[in-house]
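Just coords_6.pdb here, PDB, C-alpha atoms:
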```pdb
ATOM      1  CA  MET A   1     201.861  11.428  14.228
ATOM      2  CA  LYS A   2     202.512  10.367  17.831
ATOM      3  CA  SER A   3     205.516  11.848  19.595
ATOM      4  CA  THR A   4     207.990   9.429  21.117
ATOM      5  CA  ARG A   5     207.863   9.681  24.931
ATOM      6  CA  ILE A   6     210.924   8.784  26.983
ATOM      7  CA  LEU A   7     211.360   8.815  30.758
ATOM      8  CA  ILE A   8     214.884   8.755  32.206
ATOM      9  CA  ILE A   9     215.323   7.803  35.863
ATOM     10  CA  CYS A  10     218.242   7.752  38.281
ATOM     11  CA  ARG A  11     218.452   8.023  42.041
ATOM     12  CA  GLY A  12     218.582  11.775  42.707
ATOM     13  CA  ASN A  13     217.400  13.337  39.428
ATOM     14  CA  THR A  14     220.231  15.840  39.863
ATOM     15  CA  CYS A  15     222.916  14.571  37.499
ATOM     16  CA  ARG A  16     222.681  11.347  35.457
ATOM     17  CA  SER A  17     219.028  11.499  34.426
ATOM     18  CA  VAL A  18     219.067  15.235  33.735
ATOM     19  CA  MET A  19     222.330  15.037  31.777
ATOM     20  CA  ALA A  20     220.929  12.119  29.778
ATOM     21  CA  ALA A  21     217.722  14.068  29.129
ATOM     22  CA  ALA A  22     219.700  17.080  27.881
ATOM     23  CA  LEU A  23     221.799  14.888  25.567
ATOM     24  CA  LEU A  24     218.808  12.992  24.199
ATOM     25  CA  SER A  25     216.813  16.206  23.723
ATOM     26  CA  LYS A  26     219.598  17.546  21.532
ATOM     27  CA  LEU A  27     219.778  14.330  19.508
ATOM     28  CA  ARG A  28     215.995  13.915  19.170
ATOM     29  CA  PRO A  29     214.429  17.399  19.486
ATOM     30  CA  GLY A  30     210.954  16.193  18.461
ATOM     31  CA  TRP A  31     210.683  13.695  21.296
ATOM     32  CA  THR A  32     209.103  14.277  24.698
ATOM     33  CA  ILE A  33     211.831  13.530  27.217
ATOM     34  CA  LEU A  34     211.224  13.635  30.969
ATOM     35  CA  SER A  35     213.454  12.761  33.896
ATOM     36  CA  ALA A  36     212.869  11.711  37.479
ATOM     37  CA  GLY A  37     214.536  10.135  40.486
ATOM     38  CA  THR A  38     213.776   7.553  43.116
ATOM     39  CA  GLU A  39     215.112   9.914  45.812
ATOM     40  CA  PRO A  40     215.072  13.403  44.233
ATOM     41  CA  GLY A  41     217.805  15.726  45.439
ATOM     42  CA  VAL A  42     218.345  19.430  45.031
ATOM     43  CA  ASP A  43     221.820  20.441  43.855
ATOM     44  CA  ARG A  44     222.192  20.295  40.080
ATOM     45  CA  SER A  45     225.053  22.797  39.835
ATOM     46  CA  MET A  46     227.765  20.341  38.781
ATOM     47  CA  ALA A  47     225.526  18.754  36.146
ATOM     48  CA  ALA A  48     224.625  22.220  34.864
ATOM     49  CA  ALA A  49     228.317  23.129  34.611
ATOM     50  CA  ALA A  50     229.207  19.931  32.724
ATOM     51  CA  LEU A  51     226.330  20.468  30.299
ATOM     52  CA  ALA A  52     227.186  24.152  29.801
ATOM     53  CA  GLU A  53     230.677  23.176  28.663
ATOM     54  CA  ARG A  54     228.957  21.400  25.754
ATOM     55  CA  GLY A  55     226.469  24.155  25.054
ATOM     56  CA  LEU A  56     223.602  22.226  26.657
ATOM     57  CA  THR A  57     221.237  23.256  29.428
ATOM     58  CA  LEU A  58     219.460  21.403  32.187
ATOM     59  CA  PRO A  59     215.832  20.464  31.614
ATOM     60  CA  ALA A  60     213.610  23.148  33.141
ATOM     61  CA  ALA A  61     211.713  20.866  35.515
ATOM     62  CA  LEU A  62     212.745  20.666  39.143
ATOM     63  CA  PRO A  63     213.916  17.321  40.575
ATOM     64  CA  THR A  64     210.900  15.037  40.379
ATOM     65  CA  HIS A  65     209.966  11.765  42.071
ATOM     66  CA  TRP A  66     209.308   8.964  39.593
ATOM     67  CA  SER A  67     205.864   8.290  41.042
ATOM     68  CA  VAL A  68     204.589  11.528  39.464
ATOM     69  CA  TYR A  69     204.700   9.623  36.167
ATOM     70  CA  LYS A  70     203.571   6.193  37.430
ATOM     71  CA  ASP A  71     200.266   6.218  35.543
ATOM     72  CA  GLU A  72     201.710   7.524  32.281
ATOM     73  CA  LYS A  73     202.717   5.549  29.222
ATOM     74  CA  PHE A  74     206.195   5.850  27.758
ATOM     75  CA  ASP A  75     207.748   4.371  24.663
ATOM     76  CA  GLU A  76     210.867   3.680  26.719
ATOM     77  CA  VAL A  77     211.982   4.083  30.323
ATOM     78  CA  LEU A  78     215.746   4.440  30.569
ATOM     79  CA  VAL A  79     217.337   3.842  33.974
ATOM     80  CA  CYS A  80     220.760   5.286  34.800
ATOM     81  CA  SER A  81     221.428   3.336  37.997
ATOM     82  CA  GLN A  82     221.022  -0.182  39.320
ATOM     83  CA  LYS A  83     219.647   1.241  42.576
ATOM     84  CA  ALA A  84     216.874   3.069  40.710
ATOM     85  CA  ALA A  85     216.051  -0.075  38.717
ATOM     86  CA  THR A  86     215.800  -2.045  41.966
ATOM     87  CA  VAL A  87     213.497   0.540  43.551
ATOM     88  CA  LEU A  88     211.270   0.699  40.464
ATOM     89  CA  GLY A  89     210.993  -3.083  40.399
ATOM     90  CA  ALA A  90     210.261  -3.326  44.120
ATOM     91  CA  GLU A  91     207.657  -0.560  44.011
ATOM     92  CA  GLY A  92     205.920  -2.073  41.007
ATOM     93  CA  SER A  93     206.351   0.612  38.381
ATOM     94  CA  GLY A  94     205.162  -1.863  35.748
ATOM     95  CA  TRP A  95     207.501  -0.389  33.137
ATOM     96  CA  ALA A  96     209.979  -2.377  31.115
ATOM     97  CA  LEU A  97     213.301  -0.782  32.017
ATOM     98  CA  THR A  98     216.249  -0.225  29.695
ATOM     99  CA  PRO A  99     219.512   0.060  31.652
ATOM    100  CA  LEU A 100     221.990   2.846  30.893
ATOM    101  CA  PHE A 101     223.886   2.369  34.152
ATOM    102  CA  VAL A 102     226.501   5.005  34.941
ATOM    103  CA  PRO A 103     228.302   5.499  38.277
ATOM    104  CA  ASP A 104     226.853   8.314  40.390
ATOM    105  CA  PRO A 105     229.117  11.374  40.169
ATOM    106  CA  ALA A 106     227.197  13.081  42.980
ATOM    107  CA  GLY A 107     228.619  10.707  45.575
ATOM    108  CA  LEU A 108     232.217  11.867  45.161
ATOM    109  CA  SER A 109     233.766  13.767  48.056
ATOM    110  CA  ALA A 110     236.588  15.722  46.437
ATOM    111  CA  ALA A 111     237.717  19.183  45.475
ATOM    112  CA  GLU A 112     235.705  20.944  42.781
ATOM    113  CA  PRO A 113     238.187  20.394  39.904
ATOM    114  CA  GLU A 114     238.131  16.633  40.476
ATOM    115  CA  ARG A 115     234.340  16.605  40.848
ATOM    116  CA  ARG A 116     233.964  18.541  37.583
ATOM    117  CA  GLN A 117     236.123  15.964  35.837
ATOM    118  CA  VAL A 118     234.002  13.102  37.170
ATOM    119  CA  TYR A 119     230.843  14.825  35.902
ATOM    120  CA  ARG A 120     232.461  15.269  32.484
ATOM    121  CA  GLN A 121     233.343  11.572  32.437
ATOM    122  CA  SER A 122     229.783  10.636  33.422
ATOM    123  CA  LEU A 123     228.441  12.835  30.641
ATOM    124  CA  ASP A 124     230.789  11.176  28.139
ATOM    125  CA  LEU A 125     229.677   7.727  29.282
ATOM    126  CA  LEU A 126     226.010   8.685  29.109
ATOM    127  CA  GLU A 127     226.486  10.009  25.591
ATOM    128  CA  GLU A 128     228.140   6.755  24.541
ATOM    129  CA  LYS A 129     225.353   4.655  26.046
ATOM    130  CA  ILE A 130     222.603   6.834  24.564
ATOM    131  CA  ASN A 131     224.160   6.621  21.106
ATOM    132  CA  GLN A 132     224.401   2.823  21.422
ATOM    133  CA  TRP A 133     220.780   2.661  22.521
ATOM    134  CA  LEU A 134     219.683   4.875  19.607
ATOM    135  CA  GLU A 135     221.537   2.639  17.158
ATOM    136  CA  ASN A 136     219.597  -0.361  18.466
ATOM    137  CA  THR A 137     216.136   1.136  18.919
ATOM    138  CA  ASP A 138     213.251   1.304  16.500
ATOM    139  CA  PHE A 139     212.422   4.889  17.509
ATOM    140  CA  GLN A 140     213.706   7.421  15.021
TER     141      GLN A 140
END
```

Hey, can you dump this file as structure tokens for me?
Amino acid sequence: MKSTRILIICRGNTCRSVMAAALLSKLRPGWTILSAGTEPGVDRSMAAAALAERGLTLPAALPTHWSVYKDEKFDEVLVCSQKAATVLGAEGSGWALTPLFVPDPAGLSAAEPERRQVYRQSLDLLEEKINQWLENTDFQ
């Protein structure tokens, strides 16, 4: 039996795509779930903290540029930002993209308590969108 392969992409691969990958990995442990970014960043600490509050951990891979996967086949490519979708379209990824757009929590300039809250909200929104997608997908 073939494993379902999912790629999740956002801009930095430091918060939205990795949080979505952690959520989806918990919901579908038999699937292969990878994440990447169009402009990979470095700091995943706030995403790690938001996930830890739910008993989840970051995927082990370091931030990865989407082009690492450009020649691979996926059952679905989920995109967490309009900017990433635009880049993938312009650079000719060739994948059909499924939008799960969520505002970027990494862009907030605020004190840590407020930033943590924004990451929690992003995680909640991602969970809602992933559950909606799962309800409407043929992959089980």

Determine, using all atoms listed in the file, which residues of range 25-49 of chain A have any atom at most 12 Å from an atom of range 95-113 of chain A, and tabulate each with its shortest atom pair and distance in Å to one decimal place, rows ordered by chain and then rising number, as CSV.
```
residue,atom,partner,partner_atom,distance
A:Gly41,CA,A:Ala106,CA,10.1
A:Val42,CA,A:Ala106,CA,11.1
A:Asp43,CA,A:Ala106,CA,9.2
A:Arg44,CA,A:Ala106,CA,9.2
A:Ser45,CA,A:Ala106,CA,10.4
A:Met46,CA,A:Ala106,CA,8.4
A:Ala47,CA,A:Ala106,CA,9.0
A:Ala49,CA,A:Glu112,CA,11.2
```

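Of the listed residues (A:Arg11, A:Arg16, A:Arg28, A:Arg5), A:Arg28 comes nearest to Asn131 in chain A; the distances count all atoms listed in the file.
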
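CA of Ala20 in chain A lies 20.8 Å from CA of Glu114 in chain A.
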
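For the choices A:Leu34, A:Leu134, A:Leu123, A:Leu24, the atom-to-atom distance to Glu53 in chain A is smallest for A:Leu123 when using all atoms listed in the file.
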
Give, as AutoDock Vina command-line options, the centre coordinates and the x, y and z edge lengths in Å to one decimal for an axis-aligned box around all listed atoms of range 113-132 of chain A, padded by 4 Å on each side.
```
--center_x 230.4 --center_y 11.6 --center_z 31.0 --size_x 23.6 --size_y 25.6 --size_z 27.7
```

Result set of the PyMOL selection byres ((chain A and resi 54-66) around 6) on the coordinates above, as a PyMOL selection string: chain A and resi 13+36-38+40+48+51-53+67-69

Nearest to Ile130 in chain A, chosen from A:Ala85, A:Ile33, A:Cys15, A:Leu78, with only C-alpha atoms counted in the distances: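 Going through A:Ala85, A:Ile33, A:Cys15, A:Leu78 one by one, the smallest distance to Ile130 in chain A is for A:Leu78.
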
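Proximity of A:Arg116, A:Leu126, A:Ile9, A:Ser3 to Ser81 in chain A, computed with all atoms listed in the file, is greatest for A:Ile9.
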
Distance of CA of Trp133 in chain A from CA of Ser93 in chain A, expressed in Å to one decimal place: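 CA of Trp133 in chain A lies at a distance of 21.5 Å from CA of Ser93 in chain A.
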
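One finds CA of Leu23 in chain A at 13.8 Å from CA of Gln121 in chain A.
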
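Shortest separation to Ser17 in chain A among A:Val87, A:Val79, A:Phe74, A:Gly92 occurs at residue A:Val79, atoms counted being only C-alpha atoms.
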
Which of A:Thr32, A:Ser25, A:Thr137, A:Gln132 sits closest to Thr4 in chain A [using only C-alpha atoms]: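 Result for the nearest residue to Thr4 in chain A: A:Thr32.
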